[in-house]
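Participant: Sharing a structure, written as structure tokens. Questions coming.
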Amino acid sequence: MNIDPLLSAGAAAALAVAAGAGALWWRRRGPVQAAAAPAAVSGVDALTGLPTLERFEPLLTERVIAVEKAGRDGCLLVIGVDELRLLRDAAGAPWAERVLAAAAANLRAEIGASTPLARIDADVFGLWLDAPREAGEKLAHRLVQLFDAPLTVDGHALVVPLSIGLALAPEHGGGPRLISRAAAAMQSVRRSGGHGHAVFDSRIDANHNEELLITRELQHAVVKRQLELFFQPRIDATTLQISAVEALLRWRHPTLGLVSPARFIPVAERHGLIETIGGWALDAALRQAAAWRAAGVKLRVAVNISGVQFRRDDFAHRLERGLKAHNVPAEGLLCELTQTAAMENTEATRRAFERLGRLGVEVSIDDFAAGDAGLAALSHQPVRELQIDRATVAALARSHDARAMVESAVRAARELGLRVVAEGIETEAQRDAAVRLGCHQLQGYLIARPMSARAVLLWAADAATTLAQSFPGFKDTLPMAAPPAAAGFAATRISLQR
């Protein structure tokens, strides 16, 4: 996916609004709602037996006042149980609840009965420690390591990593403000991949306020028609003809300007908005594919699908309904999945692949960088294409390791009948190296920048001739023959009927 500038200059004033918005995220129902707490009795969570947020807040306020009067320091740990949503999708809500209960018991056993511990959100615990920062960080590190060992739930062993945020009292405030800041630190750990801890600071506060603003504004982006698609062409390395286009999502906000997909897509996933946004993008891409077909252009469209979308039980049904509504055959669509999402060893992922296979929709693995081992894990799925990640492509002209990795991927792909795409081509040296190593298709700014749907037709009309002028001697370094694309959507040519 192409990365645009994050925020325009107009964002500064809008961000200031979010800072005073009273964002009590823990009071909202989080993305793991199916594992949310059962009805509490007298401030006790029925699932874990721990105090609820309503009972924890007054105790926290008392403890903060006490340490401040005594001239001591204390700290709050907000502990997030990572990947609980993935567990819920894979095995169901009851199983996720049992895992959460086991995590709570594990925490209680480690810290002892006298340390205040509460369940303050669906997959989040709060822990108060009458000790300074050093002791809090030491405990956080110990808890993260503790959960590296598998939990045993109903006879099954599984690892559930933690993300922990710390806020210091009285330095960072008290009561709800302290919880908010510890929670912001915890979310910063999750954004960085989880499995660790962080102490709140002003940078985290700014990022948290920015995320709150983006979340709030993103909720209305579809209704206000602020989302749009651009398309980046991909060419066949042997003929220089356009082979497909990748649909790239853009968000144009009246005050934030052009917001990078790299920024708002993760926010949408964390706050339960990705289904709405991803659904809009998929429908818009199919609608445009239908418009091109009506104009006599059979052009395959590649659409990025998030792991959250992909794991939904109704994703394949929605996809099938969209294909029929726009009269686009399954071979006219290519679903792009990240390697991480595609290789999740869960029942939900396996079911999703099976359903796409029955539909006849092909899958492309985006940002592929795992070599033969990664391909082996995908060999039984309806994967037909690999996209070499941008970092590897960027290093092709100067790194022996990068060239070896691509050569290995191409060799393994040939054995499995897969196409290989080099994305992020920005220099002639990268292009030439990708072709010499056997990549079938090329995509990147050197080939074509993202453009409007109308511009795609104008560009494709004479693209091969134009590209040939800057691609001297390309026939001397032709890659191996690419596996054929689906019938009716030739991977090497596009017929433009005027």
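So you can find residues: chains in the structure tokens are A, B, ... in the order shown, residues in each start at 1, and ligands are numbered from 1 in order.
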Using only C-alpha atoms, which residues sit within 6 Å of Leu248 (chain A) once same-chain residues fewer than 5 positions away are excluded, as a JSON list (two decimals) with all heavy atoms, in the first residue's frame?

Facilitator:
```json
[["chain", "number", "residue", "atom", "x", "y", "z"],
["A", 229, "LEU", "N", -10.81, 5.87, -3.80],
["A", 229, "LEU", "CA", -9.83, 4.88, -4.27],
["A", 229, "LEU", "C", -8.99, 5.47, -5.38],
["A", 229, "LEU", "O", -9.51, 6.14, -6.28],
["A", 229, "LEU", "CB", -10.52, 3.62, -4.78],
["A", 229, "LEU", "CG", -11.19, 2.69, -3.76],
["A", 229, "LEU", "CD1", -11.74, 1.46, -4.47],
["A", 229, "LEU", "CD2", -10.23, 2.29, -2.66],
["A", 230, "PHE", "N", -7.70, 5.21, -5.31],
["A", 230, "PHE", "CA", -6.81, 5.43, -6.43],
["A", 230, "PHE", "C", -6.31, 4.06, -6.87],
["A", 230, "PHE", "O", -6.45, 3.08, -6.14],
["A", 230, "PHE", "CB", -5.64, 6.34, -6.03],
["A", 230, "PHE", "CG", -5.97, 7.81, -6.12],
["A", 230, "PHE", "CD1", -7.00, 8.35, -5.37],
["A", 230, "PHE", "CD2", -5.25, 8.63, -6.97],
["A", 230, "PHE", "CE1", -7.30, 9.69, -5.45],
["A", 230, "PHE", "CE2", -5.54, 9.98, -7.05],
["A", 230, "PHE", "CZ", -6.57, 10.52, -6.30],
["A", 231, "PHE", "N", -5.73, 3.99, -8.05],
["A", 231, "PHE", "CA", -5.32, 2.70, -8.60],
["A", 231, "PHE", "C", -3.89, 2.79, -9.11],
["A", 231, "PHE", "O", -3.55, 3.72, -9.86],
["A", 231, "PHE", "CB", -6.27, 2.27, -9.72],
["A", 231, "PHE", "CG", -7.70, 2.15, -9.28],
["A", 231, "PHE", "CD1", -8.55, 3.25, -9.35],
["A", 231, "PHE", "CD2", -8.19, 0.96, -8.77],
["A", 231, "PHE", "CE1", -9.87, 3.16, -8.93],
["A", 231, "PHE", "CE2", -9.51, 0.86, -8.35],
["A", 231, "PHE", "CZ", -10.34, 1.97, -8.43]]
```

Participant: For Ala131 (chain A), work out the shell of residues within 10 Å, counting only C-alpha atoms and skipping chain neighbours fewer than 5 positions away, then give it as a JSON list (two decimals) with C-alpha atoms, in the first residue's frame.

Facilitator:
```json
[["chain", "number", "residue", "atom", "x", "y", "z"],
["A", 67, "VAL", "CA", 1.06, 8.43, 48.55],
["A", 72, "ARG", "CA", 5.93, 8.80, 48.25],
["A", 73, "ASP", "CA", 5.41, 7.54, 44.71],
["A", 74, "GLY", "CA", 3.06, 4.88, 43.39],
["A", 75, "CYS", "CA", 2.25, 3.51, 39.98],
["A", 76, "LEU", "CA", -0.68, 2.08, 38.06],
["A", 136, "GLY", "CA", 6.63, -0.85, 38.66],
["A", 168, "LEU", "CA", 3.07, 7.30, 37.90],
["A", 169, "ALA", "CA", 1.33, 8.90, 40.87]]
```

Participant: Counting only C-alpha atoms, figure out which residue out of A:Asp123, A:Glu385, A:Glu428, A:Asp82 gets nearest to Ala413 (chain A).

Facilitator: A:Glu385

Participant: With 7 Å as the cut-off and only C-alpha atoms counted, what is the closest atom pair between each nearby residue of region 327-369 of chain A and region 302-316 of chain A? Distances in Å to one decimal, ordered by chain and number, as CSV.

Facilitator:
```
residue,atom,partner,partner_atom,distance
A:Leu333,CA,A:Ala302,CA,6.0
A:Leu334,CA,A:Ala302,CA,4.4
A:Cys335,CA,A:Val303,CA,5.3
A:Glu336,CA,A:Asn304,CA,4.6
A:Leu337,CA,A:Ile305,CA,5.7
A:Ala341,CA,A:Gly307,CA,5.1
A:Ala348,CA,A:Arg311,CA,5.4
A:Thr349,CA,A:Arg311,CA,5.7
A:Ala352,CA,A:Arg311,CA,6.3
A:Arg355,CA,A:Ala316,CA,6.0
A:Leu356,CA,A:Ala316,CA,6.2
```

Participant: With distances taken over only C-alpha atoms, which of A:Ala103, A:Ala167, A:Leu457, A:Phe353 is nearest to Asp148 (chain A)?

Facilitator: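 Selected residue with least distance to Asp148 (chain A): A:Ala103.
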
Participant: At a cut-off of 10 Å, using only C-alpha atoms, what residues contact Val328 (chain A)? Leave out same-chain residues fewer than 6 positions from it and give the result as a list in words.

Facilitator: Leu286, Arg287, Gln288, Ala289, Ala290, Ala291, Arg293, Lys298, Arg300, Glu320 and Gly322 of chain A

Participant: Could you turn the residues from that selection into a file that holds C-alpha atoms, as a CSV table (one decimal), in the first residue's frame?

Facilitator:
```
chain,number,residue,atom,x,y,z
A,286,LEU,CA,-15.9,-4.0,-7.6
A,287,ARG,CA,-18.0,-1.1,-8.8
A,288,GLN,CA,-15.1,0.3,-10.7
A,289,ALA,CA,-14.1,-3.1,-12.1
A,290,ALA,CA,-17.7,-3.4,-13.4
A,291,ALA,CA,-17.4,0.1,-15.0
A,293,ARG,CA,-15.8,-4.1,-18.0
A,298,LYS,CA,-11.2,-6.7,-18.5
A,300,ARG,CA,-8.2,-7.4,-12.6
A,320,GLU,CA,-19.8,-13.3,-3.2
A,322,GLY,CA,-20.7,-8.1,-4.0
```
